[in-house]
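Some notes on the structure that comes next.
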Amino acid sequence: MEEATSPQITYDTQSNEGLDDVHRALEAEIDGVVKSFGKDYPMIIDGEDVSATEQFEDHSPVDNRILLGRFQSGTVDHVRNAVSAARKALPAWQATPWQERVSRLRGVAAAIRAHCWELSVILAYEVGKNRLECVGEVAEAYEFIEYYCDQMEEHNGYISTIDSSSVQQENMSVMSPYGVWAVISPFNFPMALTAGPISAALVTGNTVVTKPSPITPFAVARLAQIIAQCDIPPGVFNFVTGSNEVVSRELITGPGIDGVVFTGSYQVGMNLIREGSDRDFPRPFIAEMGGKNPALIMQSADLEKATEGVKTSAFGLGGQKCSACSRVYVEGGVREFFIRDLVDKAKNISIGDPIDREVWLGPVINEAAFQRYTAAIEQADKDGGKILTGGKRLTGGLFDYGFYLEPTVIDGLPLDHTLFTTELFVPITVIGEINDLYQGIDLANKTEYGLTAGIFSQDESEVQDFLGGIQAGTVYVNRPAGATTGAWPGVNPFGGWKGSASTGMGAGGSYYLQQFMREQSRVRVY
């Protein structure tokens, strides 16, 4: 196994130039990962491997003939056993000095870093990401852990002495863990969006039961194995899997869970929040629930930056990011030039097997995504939209064994059309013409979502008005590496407003850890 080396790959990394060592390290892992395909992967409960009576299979979206592995169809009893193990381990882990928890979590980050090439190859086969996106996600996973450890140290474990009313009195503020947390991770960032909330919960003294999406259990299973081999006591971290809603439902609604991190759709997230209102007392529910993310292209925009940024955010990972740029509002004076250049960039995207070095775009995750893509294309055509490029599934050779879709740009729809407001999670972006910035901001804000947004303008007054008026938790100005995508732990906190998130505090930011703890104000008189 080759240790990870610089340069660091992040979501700002857009070129293969100077990355020969990275590609060689990746290529050295491919054969070993391929040879591991088809194995059975257990759950991990109280430090032990646990199998279920039934299993489900995970096939690669790159080539559906490839069986990546078999995973356990967990039951309600498995979840309850995992929660019980986490509950049992909680007192000792909570009592562990925060400095020691930090040291142990740094060991987890180091272990993930040591396995980064293997994990990157797994992501390519299981999620369909290109090489740089895969390496970037694994890097994000261990960067999340390191950043949260840094935050614990910076805030002295969130223990502070505060003013008192007399010399005989000592007042302290102590942040204490809630208890047992459930972490439900999504298919599109299974590594980063599992490692991030898990480490936040663990470093603050909580214990965890985590469950991956049944679409991408392989990456999280390997991550769980790596964590289980680190210096984390049995029961502190538990891993369960399931092919239907049984496991997730029990994790979120069953007894014994003190907090939940959920990443998924707005509809599911809101239903879970409503169900939680029936509990005996409130508990933290940290939800990231998607977006319909706009980019505004103004008259003064650098169009090269604008088209590159929109292309990257709209079509990266096939539009299967909650931060994908799925709608663009362009000021009339530059509309023709912007569209021409964006369409040209979309047409020149290399599509194919994402494990190949020169491929930029792999397949979408499954047939359900393809059906959403097809329905959107048909609706646009029916309602008078113009498909400027794309709109088709590729066929022949490898393309017949996965859903490889053309990046699609749609123009000509009315500004109140459903494709401007409905999250699709496919490689489609729609173009709308605006008269000025204020119309663009108004249109951008007219959805239940408020996750990310971007603007391209050289006019500082426009930029300031945009920043003050846009209803989104993560915003970008003139960013060619991604008009609406690309947050990074400790650099760009990632979170949403309105229906995009439940708390408004971004992952990888300075306010995230506090959500896993509750304050105890201590007054002591001597």
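Identifiers in the structure tokens: chain A, B, ... in order shown; residue index from 1 per chain; ligand index from 1 in order shown.
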
Counting only C-alpha atoms, which residues of range 278-380 of chain A sit at most 12 Å from some atom of range 475-491 of chain A, and what is each one's closest atom pair with its distance in Å to one decimal, listed by chain and rising residue number, as CSV?
```
residue,atom,partner,partner_atom,distance
A:Gly291,CA,A:Thr484,CA,10.4
A:Lys292,CA,A:Thr484,CA,10.1
A:Asn293,CA,A:Thr484,CA,6.7
A:Pro294,CA,A:Thr484,CA,7.4
A:Ala295,CA,A:Ala483,CA,6.4
A:Leu296,CA,A:Ala483,CA,9.1
A:Ile297,CA,A:Asn478,CA,9.4
A:Met298,CA,A:Asn478,CA,10.6
A:Ser300,CA,A:Asn478,CA,11.0
A:Ala301,CA,A:Asn478,CA,8.0
A:Asp302,CA,A:Asn478,CA,7.9
A:Leu303,CA,A:Pro480,CA,9.7
A:Glu304,CA,A:Pro480,CA,8.0
A:Lys305,CA,A:Pro480,CA,4.6
A:Ala306,CA,A:Pro480,CA,6.2
A:Thr307,CA,A:Pro480,CA,7.7
A:Glu308,CA,A:Pro480,CA,5.4
A:Gly309,CA,A:Pro480,CA,4.0
A:Val310,CA,A:Ala483,CA,5.2
A:Lys311,CA,A:Gly482,CA,7.8
A:Thr312,CA,A:Gly482,CA,5.4
A:Ser313,CA,A:Gly482,CA,5.0
A:Ala314,CA,A:Thr484,CA,8.5
A:Phe315,CA,A:Gly482,CA,10.2
A:Gly316,CA,A:Gly482,CA,9.1
A:Leu317,CA,A:Thr485,CA,11.2
A:Gly319,CA,A:Thr485,CA,10.6
A:Gln320,CA,A:Thr485,CA,11.3
A:Lys321,CA,A:Thr485,CA,8.3
A:Cys322,CA,A:Thr485,CA,8.8
A:Ser323,CA,A:Thr485,CA,5.4
A:Ala324,CA,A:Thr485,CA,6.4
A:Cys325,CA,A:Thr484,CA,5.8
A:Ser326,CA,A:Thr484,CA,9.4
A:Arg327,CA,A:Thr484,CA,10.4
A:Val328,CA,A:Ala483,CA,9.9
```

Restrict the calculation to only C-alpha atoms, then for each residue of range 195-275 of chain A with any atom at most 9 Å from an atom of range 30-45 of chain A give the closest atom pair and their distance in Å to one decimal, rows by chain and rising residue number, as a Markdown table.
```
| residue | atom | partner | partner_atom | distance |
| --- | --- | --- | --- | --- |
| A:Val209 | CA | A:Ile45 | CA | 8.6 |
| A:Phe218 | CA | A:Tyr41 | CA | 8.1 |
| A:Ala221 | CA | A:Tyr41 | CA | 6.9 |
| A:Arg222 | CA | A:Tyr41 | CA | 8.7 |
| A:Ala224 | CA | A:Ile44 | CA | 7.7 |
| A:Gln225 | CA | A:Ile44 | CA | 8.1 |
| A:Ala228 | CA | A:Ile44 | CA | 8.0 |
| A:Pro234 | CA | A:Ile45 | CA | 8.0 |
| A:Gly235 | CA | A:Ile45 | CA | 6.6 |
| A:Phe237 | CA | A:Ile45 | CA | 7.9 |
| A:Asn238 | CA | A:Ile45 | CA | 5.0 |
| A:Phe239 | CA | A:Ile44 | CA | 4.9 |
| A:Val240 | CA | A:Met43 | CA | 5.0 |
| A:Thr241 | CA | A:Met43 | CA | 6.5 |
```

Query raised in the report: Among range 153-247 of chain A, which residues carry a DSSP assignment of strand (DSSP E or B), reported as number ranges by chain?
Result: A: 159-162, 169-177, 180-184, 207-211, 234, 237-239

Query raised in the report: Counting only C-alpha atoms, what is within 12 Å of Asp381 in chain A, bar same-chain residues fewer than 3 positions away, as a PyMOL selection string?
Result: chain A and resi 374-378+384-388+391+410-413+419

Report task. May I have the residues within 10 Å of Pro91 in chain A as a PyMOL selection string, using only C-alpha atoms and disregarding those fewer than 2 positions away in the same chain? Result -> chain A and resi 86-89+93-96+179+205-207

If we count only C-alpha atoms and set the cut-off at 8 Å, which residues sit around range 359-362 of chain A, ignoring sequence neighbours fewer than 4 positions away in its own chain? Please answer as a PDB file with N, CA, C and O atoms, in the first residue's frame.
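Contents of part_23.pdb, freshly written:
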```
ATOM      1  N   VAL A  62     -20.928   1.322 -13.191  1.00  0.00           N
ATOM      2  CA  VAL A  62     -20.009   1.406 -14.329  1.00  0.00           C
ATOM      3  C   VAL A  62     -20.259   0.267 -15.309  1.00  0.00           C
ATOM      4  O   VAL A  62     -20.235   0.447 -16.529  1.00  0.00           O
ATOM      5  N   GLY A 128     -19.330   5.634  -9.480  1.00  0.00           N
ATOM      6  CA  GLY A 128     -19.177   6.097 -10.852  1.00  0.00           C
ATOM      7  C   GLY A 128     -18.468   7.431 -10.967  1.00  0.00           C
ATOM      8  O   GLY A 128     -18.552   8.098 -11.992  1.00  0.00           O
ATOM      9  N   LYS A 129     -17.733   7.829  -9.911  1.00  0.00           N
ATOM     10  CA  LYS A 129     -16.996   9.091  -9.938  1.00  0.00           C
ATOM     11  C   LYS A 129     -15.705   8.951 -10.731  1.00  0.00           C
ATOM     12  O   LYS A 129     -15.108   7.862 -10.775  1.00  0.00           O
ATOM     13  N   ASN A 130     -15.247  10.074 -11.300  1.00  0.00           N
ATOM     14  CA  ASN A 130     -13.950  10.031 -11.958  1.00  0.00           C
ATOM     15  C   ASN A 130     -12.824  10.028 -10.924  1.00  0.00           C
ATOM     16  O   ASN A 130     -13.060  10.196  -9.723  1.00  0.00           O
ATOM     17  N   PHE A 315     -22.631  19.271 -14.271  1.00  0.00           N
ATOM     18  CA  PHE A 315     -22.457  17.941 -14.858  1.00  0.00           C
ATOM     19  C   PHE A 315     -21.483  17.043 -14.102  1.00  0.00           C
ATOM     20  O   PHE A 315     -21.414  15.847 -14.384  1.00  0.00           O
ATOM     21  N   GLY A 316     -20.718  17.582 -13.153  1.00  0.00           N
ATOM     22  CA  GLY A 316     -19.854  16.736 -12.348  1.00  0.00           C
ATOM     23  C   GLY A 316     -20.657  15.679 -11.618  1.00  0.00           C
ATOM     24  O   GLY A 316     -21.721  15.971 -11.068  1.00  0.00           O
ATOM     25  N   LEU A 317     -20.165  14.438 -11.627  1.00  0.00           N
ATOM     26  CA  LEU A 317     -20.888  13.287 -11.052  1.00  0.00           C
ATOM     27  C   LEU A 317     -22.290  13.162 -11.632  1.00  0.00           C
ATOM     28  O   LEU A 317     -23.232  12.731 -10.978  1.00  0.00           O
ATOM     29  N   GLY A 318     -22.449  13.583 -12.880  1.00  0.00           N
ATOM     30  CA  GLY A 318     -23.744  13.449 -13.537  1.00  0.00           C
ATOM     31  C   GLY A 318     -24.845  14.254 -12.890  1.00  0.00           C
ATOM     32  O   GLY A 318     -26.027  13.881 -12.959  1.00  0.00           O
ATOM     33  N   ILE A 349     -17.250  17.068 -23.128  1.00  0.00           N
ATOM     34  CA  ILE A 349     -17.005  16.271 -21.926  1.00  0.00           C
ATOM     35  C   ILE A 349     -16.750  14.819 -22.317  1.00  0.00           C
ATOM     36  O   ILE A 349     -17.504  14.231 -23.089  1.00  0.00           O
ATOM     37  N   SER A 350     -15.689  14.243 -21.785  1.00  0.00           N
ATOM     38  CA  SER A 350     -15.370  12.834 -22.059  1.00  0.00           C
ATOM     39  C   SER A 350     -16.195  11.948 -21.141  1.00  0.00           C
ATOM     40  O   SER A 350     -16.174  12.098 -19.919  1.00  0.00           O
ATOM     41  N   ILE A 351     -16.937  11.018 -21.730  1.00  0.00           N
ATOM     42  CA  ILE A 351     -17.847  10.138 -21.001  1.00  0.00           C
ATOM     43  C   ILE A 351     -17.381   8.698 -21.169  1.00  0.00           C
ATOM     44  O   ILE A 351     -17.038   8.273 -22.273  1.00  0.00           O
ATOM     45  N   GLY A 352     -17.372   7.944 -20.089  1.00  0.00           N
ATOM     46  CA  GLY A 352     -16.967   6.546 -20.185  1.00  0.00           C
ATOM     47  C   GLY A 352     -16.692   5.940 -18.831  1.00  0.00           C
ATOM     48  O   GLY A 352     -17.240   6.378 -17.810  1.00  0.00           O
ATOM     49  N   ASP A 353     -15.836   4.929 -18.813  1.00  0.00           N
ATOM     50  CA  ASP A 353     -15.454   4.240 -17.582  1.00  0.00           C
ATOM     51  C   ASP A 353     -14.673   5.218 -16.713  1.00  0.00           C
ATOM     52  O   ASP A 353     -13.579   5.648 -17.065  1.00  0.00           O
ATOM     53  N   PRO A 354     -15.195   5.586 -15.537  1.00  0.00           N
ATOM     54  CA  PRO A 354     -14.545   6.631 -14.739  1.00  0.00           C
ATOM     55  C   PRO A 354     -13.202   6.228 -14.154  1.00  0.00           C
ATOM     56  O   PRO A 354     -12.466   7.094 -13.673  1.00  0.00           O
ATOM     57  N   ILE A 355     -12.883   4.944 -14.191  1.00  0.00           N
ATOM     58  CA  ILE A 355     -11.573   4.532 -13.701  1.00  0.00           C
ATOM     59  C   ILE A 355     -10.482   4.874 -14.708  1.00  0.00           C
ATOM     60  O   ILE A 355      -9.297   4.887 -14.379  1.00  0.00           O
ATOM     61  N   TYR A 404     -25.230   5.722 -19.024  1.00  0.00           N
ATOM     62  CA  TYR A 404     -24.326   6.808 -19.408  1.00  0.00           C
ATOM     63  C   TYR A 404     -25.144   7.844 -20.180  1.00  0.00           C
ATOM     64  O   TYR A 404     -25.643   7.562 -21.270  1.00  0.00           O
TER      65      TYR A 404
END
```

Query raised in the report: Excluding same-chain residues fewer than 4 positions from Val220 in chain A, what lies within 8 Å of it counting only C-alpha atoms, as an NGL selection string?
Result: :A and (190-191 or 194 or 212 or 216 or 224)
